[in-house]
file upload_29.txt (compact mmCIF, C-alpha atoms)
# COMPACT_ATOMS: atom_id res chain seq x y z
CA MET H 1 86.34 203.97 50.14
CA THR H 2 87.23 203.45 46.49
CA GLU H 3 88.27 200.05 45.23
CA THR H 4 90.62 198.79 42.56
CA LYS H 5 89.38 196.71 39.62
CA ALA H 6 90.23 193.58 41.61
CA GLY H 7 87.95 194.75 44.41
CA GLN H 8 90.84 195.69 46.68
CA PRO H 9 90.67 199.05 48.48
CA ALA H 10 92.85 201.55 46.62
CA GLY H 11 94.47 202.66 49.85
CA GLU H 12 95.90 199.17 50.29
CA ALA H 13 97.01 198.64 46.70
CA LYS H 14 99.41 201.59 46.60
CA PRO H 15 101.42 200.63 49.72
CA ARG H 16 101.75 197.10 48.42
CA ARG H 17 103.04 198.37 45.08
CA ARG H 18 105.47 200.62 46.91
CA GLN H 19 106.59 197.69 49.05
CA ALA H 20 107.15 195.55 45.96
CA ARG H 21 109.18 198.31 44.29
CA GLY H 22 111.14 198.81 47.49
CA GLU H 23 111.95 195.11 47.73
CA ARG H 24 113.13 195.04 44.12
CA ARG H 25 115.35 198.04 44.80
CA ILE H 26 116.78 196.40 47.90
CA GLN H 27 117.56 193.23 45.95
CA GLN H 28 119.16 195.33 43.21
CA LEU H 29 121.41 196.99 45.78
CA LEU H 30 122.28 193.68 47.43
CA ASP H 31 123.18 192.12 44.08
CA ALA H 32 125.36 195.13 43.28
CA ALA H 33 127.01 194.93 46.70
CA ALA H 34 127.77 191.23 46.19
CA ASN H 35 129.55 192.05 42.92
CA VAL H 36 131.54 194.88 44.49
CA PHE H 37 132.50 192.87 47.58
CA CYS H 38 133.73 189.99 45.40
CA ARG H 39 135.63 192.29 43.05
CA THR H 40 137.32 194.62 45.53
CA GLY H 41 136.91 192.91 48.91
CA TYR H 42 134.71 194.11 51.74
CA ALA H 43 137.25 196.49 53.27
CA SER H 44 137.87 198.39 50.03
CA ALA H 45 134.21 198.55 48.99
CA SER H 46 132.25 201.78 49.39
CA THR H 47 128.62 202.79 49.23
CA ASN H 48 129.43 204.99 46.22
CA ALA H 49 130.86 201.99 44.37
CA ILE H 50 127.81 199.92 45.25
CA ALA H 51 125.48 202.68 44.05
CA ARG H 52 127.38 202.92 40.75
CA GLU H 53 127.21 199.16 40.31
CA ALA H 54 123.45 199.26 40.91
CA GLY H 55 123.01 202.22 38.56
CA VAL H 56 121.46 204.45 41.21
CA SER H 57 122.51 207.58 43.06
CA PRO H 58 124.10 207.40 46.51
CA GLY H 59 121.02 209.19 47.82
CA THR H 60 118.81 206.35 46.59
CA LEU H 61 121.04 203.82 48.32
CA TYR H 62 120.83 205.73 51.61
CA GLN H 63 117.04 205.55 51.46
CA PHE H 64 117.40 201.82 52.14
CA PHE H 65 120.75 201.36 53.88
CA PRO H 66 122.59 203.81 56.16
CA ASN H 67 126.04 202.38 55.43
CA LYS H 68 128.09 199.55 53.97
CA GLU H 69 127.86 197.51 57.16
CA ALA H 70 124.06 197.44 57.01
CA ILE H 71 124.21 196.20 53.43
CA ALA H 72 126.62 193.42 54.36
CA VAL H 73 124.48 192.35 57.32
CA GLU H 74 121.31 192.18 55.20
CA LEU H 75 123.12 190.28 52.47
CA GLY H 76 124.61 187.85 54.98
CA GLU H 77 121.25 187.27 56.67
CA ARG H 78 119.55 186.44 53.38
CA LEU H 79 122.29 184.07 52.29
CA THR H 80 122.36 182.38 55.70
CA HIS H 81 118.58 181.89 55.56
CA GLN H 82 118.88 180.32 52.11
CA MET H 83 121.67 178.03 53.24
CA ARG H 84 119.74 176.91 56.33
CA ALA H 85 116.78 176.04 54.13
CA ALA H 86 119.06 174.06 51.81
CA HIS H 87 120.55 172.12 54.74
CA GLY H 88 117.10 171.13 55.91
CA ALA H 89 116.33 169.65 52.50
CA LEU H 90 119.64 167.79 52.16
CA PHE H 91 120.34 166.07 55.47
CA THR H 92 117.34 163.78 55.76
CA PRO H 93 116.91 160.07 56.58
CA GLU H 94 115.96 159.49 52.94
CA TYR H 95 119.46 160.48 51.87
CA ALA H 96 120.93 158.04 54.37
CA SER H 97 119.33 155.18 52.44
CA LEU H 98 121.51 155.89 49.41
CA PRO H 99 124.85 154.18 48.70
CA LEU H 100 127.74 156.36 49.86
CA GLY H 101 128.71 157.58 46.40
CA GLU H 102 125.16 158.57 45.51
CA MET H 103 124.65 160.22 48.89
CA LEU H 104 127.76 162.34 48.41
CA ASP H 105 126.54 163.41 44.97
CA ALA H 106 123.12 164.31 46.37
CA VAL H 107 124.50 166.31 49.31
CA VAL H 108 127.76 167.81 48.04
CA ASP H 109 126.63 168.98 44.60
CA PRO H 110 123.87 171.37 45.83
CA MET H 111 126.15 172.79 48.53
CA ILE H 112 128.90 173.49 46.01
CA GLU H 113 126.39 174.95 43.57
CA PHE H 114 125.10 177.33 46.23
CA ASN H 115 128.60 178.56 47.04
CA CYS H 116 129.52 178.90 43.36
CA GLN H 117 126.39 180.96 42.76
CA ASN H 118 127.01 183.07 45.87
CA PRO H 119 130.80 183.55 46.16
CA VAL H 120 130.23 186.67 48.25
CA PHE H 121 129.28 184.45 51.19
CA LEU H 122 132.86 183.26 51.70
CA THR H 123 134.27 186.63 50.62
CA LEU H 124 132.51 188.29 53.53
CA ILE H 125 133.38 185.58 56.03
CA HIS H 126 137.07 185.78 55.12
CA SER H 127 137.10 189.53 55.65
CA GLY H 128 138.53 190.38 59.03
CA ASP H 129 136.46 193.51 59.54
CA ILE H 130 132.90 192.36 58.84
CA PRO H 131 130.20 193.23 61.39
CA GLY H 132 130.29 190.94 64.42
CA VAL H 133 126.72 189.75 63.94
CA MET H 134 127.74 188.17 60.64
CA THR H 135 130.50 186.17 62.30
CA GLU H 136 128.05 184.99 64.96
CA ASP H 137 125.48 183.94 62.37
CA HIS H 138 128.14 182.15 60.33
CA ASP H 139 129.44 180.26 63.36
CA ALA H 140 125.90 179.24 64.32
CA LEU H 141 125.31 178.03 60.77
CA HIS H 142 128.44 175.87 60.91
CA VAL H 143 127.40 174.39 64.25
CA ALA H 144 123.99 173.52 62.83
CA LEU H 145 125.49 172.00 59.68
CA GLN H 146 127.93 169.87 61.62
CA ALA H 147 125.09 168.68 63.86
CA ARG H 148 123.11 167.59 60.79
CA ILE H 149 126.11 165.70 59.44
CA GLU H 150 126.46 163.99 62.82
CA GLU H 151 122.79 163.02 62.80
CA LEU H 152 123.10 161.57 59.30
CA ILE H 153 126.14 159.51 60.30
CA GLY H 154 124.30 158.24 63.36
CA PHE H 155 121.32 157.22 61.26
CA ILE H 156 123.53 155.23 58.90
CA GLN H 157 125.66 153.63 61.63
CA PRO H 158 123.75 153.87 64.92
CA GLU H 159 126.28 151.62 66.68
CA LEU H 160 128.93 154.33 66.52
CA SER H 161 129.56 156.04 69.84
CA ALA H 162 128.50 159.64 70.26
CA GLU H 163 132.14 160.66 70.50
CA ARG H 164 133.02 158.88 67.26
CA ARG H 165 130.07 160.44 65.45
CA THR H 166 131.19 163.88 66.59
CA ARG H 167 134.78 163.34 65.47
CA THR H 168 133.66 161.94 62.14
CA ALA H 169 131.28 164.83 61.50
CA THR H 170 134.02 167.31 62.42
CA MET H 171 136.46 165.70 59.99
CA VAL H 172 133.86 165.54 57.21
CA PHE H 173 133.02 169.20 57.62
CA SER H 174 136.70 170.18 57.72
CA LEU H 175 137.42 168.19 54.56
CA PHE H 176 134.48 169.81 52.81
CA LYS H 177 135.53 173.35 53.77
CA ALA H 178 139.10 172.74 52.60
CA GLY H 179 137.92 171.22 49.33
CA LEU H 180 135.41 173.99 48.78
CA GLU H 181 138.20 176.57 48.88
CA LEU H 182 139.95 174.75 46.03
CA VAL H 183 136.73 174.32 44.07
CA LEU H 184 135.89 178.01 44.24
CA SER H 185 139.41 179.05 43.22
CA HIS H 186 139.13 177.23 39.88
CA GLU H 187 136.80 177.32 36.90
CA GLY H 188 135.60 175.06 34.12
CA GLU H 189 137.19 171.63 33.80
CA GLU H 190 139.61 172.25 36.65
CA GLN H 191 136.76 173.14 38.97
CA ALA H 192 134.89 169.98 37.97
CA ALA H 193 138.04 167.95 38.60
CA TYR H 194 138.43 169.39 42.10
CA ILE H 195 134.79 168.61 42.86
CA GLU H 196 135.49 164.98 42.03
CA GLU H 197 138.66 165.06 44.14
CA LEU H 198 136.64 166.42 47.06
CA LYS H 199 134.05 163.68 46.74
CA ALA H 200 136.80 161.06 46.47
CA SER H 201 138.40 162.38 49.66
CA LEU H 202 135.10 162.25 51.53
CA HIS H 203 134.34 158.78 50.15
CA GLY H 204 137.76 157.47 51.14
CA TYR H 205 137.41 158.80 54.66
CA LEU H 206 133.81 157.71 55.25
CA ALA H 207 133.83 154.28 53.59
CA PRO H 208 135.66 152.43 56.42
CA ILE H 209 133.44 154.11 59.01
CA ILE H 210 129.91 153.91 57.60
CA GLY H 211 130.38 151.54 54.66
CA THR H 212 129.65 152.12 51.00
CA GLU H 213 126.18 150.56 51.04
CA THR H 214 123.48 151.39 53.57
CA PRO H 215 122.65 148.30 55.69
CA SER H 216 119.16 146.97 55.19
CA ARG H 217 116.79 147.69 58.04
CA THR H 218 113.73 145.76 58.99
CA PRO H 219 110.66 147.70 60.10
call {"tool": "encode", "arguments": {"input": "upload_29.txt", "output": "structure tokens"}}
result
Amino acid sequence: MTETKAGQPAGEAKPRRRQARGERRIQQLLDAAANVFCRTGYASASTNAIAREAGVSPGTLYQFFPNKEAIAVELGERLTHQMRAAHGALFTPEYASLPLGEMLDAVVDPMIEFNCQNPVFLTLIHSGDIPGVMTEDHDALHVALQARIEELIGFIQPELSAERRTRTATMVFSLFKAGLELVLSHEGEEQAAYIEELKASLHGYLAPIIGTETPSRTP
């Protein structure tokens, strides 16, 4: 068997290069689909429009995706995976040791940044005719996020009853979703102002419940 200069069998190098090119093409198509979905809405989007946006032929698109639904599902799965990873990094006991204002900055800012960078996520969710698996994944993501908020609240104020923690987490998540809609519908200074309004709303709601400073804990 022949080998490449790096000592790797040539028969293995070519498939890997093809896989890398294929992955780049897939990402190119997903990026194009995100632009089209945001611009025209999911229902009005077409595979031809996505191919044009990506600068490829419809035949090239069909080599990777059989239809628009498959593109949306793959895009949704990747974004959901990224968001799950972000949640795991944000809702940690270390964040609970911060004063309330700093904790809100540390948690809210990355979540808003993710949604601002990926507006297609909410565009797809708000479409009434997206594939059912996307709705299921989105609902599961929300359940997981609310559970993490509940855990964080319980860590800060462990004396709260389970029922109160659940209600508080539900309200916090509802406030965030409502504020996020306003944030994403504005740009520039107005967007920054709505981000501050969102944080102020969360701070005002949470302060009487968990306090503004984390209580000291003895080992």
call {"tool": "closest_residue", "arguments": {"input": "upload_29.txt", "among": "H:Leu100, H:Ile130, H:Met171, H:Ile153", "to": "H:Ala200", "atoms": "all atoms listed in the file"}}
result
H:Leu100
call {"tool": "residues_around", "arguments": {"input": "upload_29.txt", "residues": "H:Pro208", "least_positions_apart": "4", "cutoff": "12 Å", "atoms": "only C-alpha atoms", "output": "PDB file with C-alpha atoms, in the coordinates of the input"}}
result
ATOM      1  CA  LEU H 100     127.740 156.360  49.860  1.00  0.00           C
ATOM      2  CA  GLN H 157     125.660 153.630  61.630  1.00  0.00           C
ATOM      3  CA  THR H 168     133.660 161.940  62.140  1.00  0.00           C
ATOM      4  CA  LEU H 202     135.100 162.250  51.530  1.00  0.00           C
ATOM      5  CA  HIS H 203     134.340 158.780  50.150  1.00  0.00           C
ATOM      6  CA  GLY H 204     137.760 157.470  51.140  1.00  0.00           C
ATOM      7  CA  THR H 212     129.650 152.120  51.000  1.00  0.00           C
ATOM      8  CA  GLU H 213     126.180 150.560  51.040  1.00  0.00           C
TER       9      GLU H 213
END
call {"tool": "residues_around", "arguments": {"input": "upload_29.txt", "residues": "H:Thr92", "least_positions_apart": "5", "cutoff": "12 Å", "atoms": "all atoms listed in the file", "output": "PyMOL selection string"}}
result
chain H and resi 86-87+97-98+103+106-107+148-156
call {"tool": "residues_near_point", "arguments": {"input": "upload_29.txt", "point": "(135.3, 178.8, 46.9)", "cutoff": "10 Å", "atoms": "only C-alpha atoms", "output": "ChimeraX atom specification"}}
result
/H:112,115-116,118-123,177-186,191
call {"tool": "atom_distance", "arguments": {"input": "upload_29.txt", "atom1": "atom CA of H:Tyr62", "atom2": "atom CA of H:Ser46"}}
result
12.3 Å
call {"tool": "atom_distance", "arguments": {"input": "upload_29.txt", "atom1": "atom CA of H:Arg164", "atom2": "atom CA of H:Gly211"}}
result
14.8 Å
call {"tool": "closest_residue", "arguments": {"input": "upload_29.txt", "among": "H:Asp129, H:Glu159, H:Asp139, H:Asp31", "to": "H:Glu74", "atoms": "all atoms listed in the file"}}
result
H:Asp31
call {"tool": "closest_residue", "arguments": {"input": "upload_29.txt", "among": "H:Gln19, H:Ser201, H:Gln82, H:Thr60", "to": "H:Thr47", "atoms": "only C-alpha atoms"}}
result
H:Thr60
call {"tool": "closest_residue", "arguments": {"input": "upload_29.txt", "among": "H:Leu206, H:Leu145, H:Ala54, H:Val172", "to": "H:Arg24", "atoms": "all atoms listed in the file"}}
result
H:Ala54
call {"tool": "residues_around", "arguments": {"input": "upload_29.txt", "residues": "H:Ala72", "least_positions_apart": "5", "cutoff": "12 Å", "atoms": "all atoms listed in the file", "output": "ChimeraX atom specification"}}
result
/H:29-38,41-43,45-47,50,65-67,77-80,120-121,123-125,127,129-135
call {"tool": "atom_distance", "arguments": {"input": "upload_29.txt", "atom1": "atom CA of H:Asp137", "atom2": "atom CA of H:Gly88"}}
result
16.6 Å
call {"tool": "closest_residue", "arguments": {"input": "upload_29.txt", "among": "H:Glu197, H:Ile209, H:His81, H:Leu104", "to": "H:Pro158", "atoms": "all atoms listed in the file"}}
result
H:Ile209
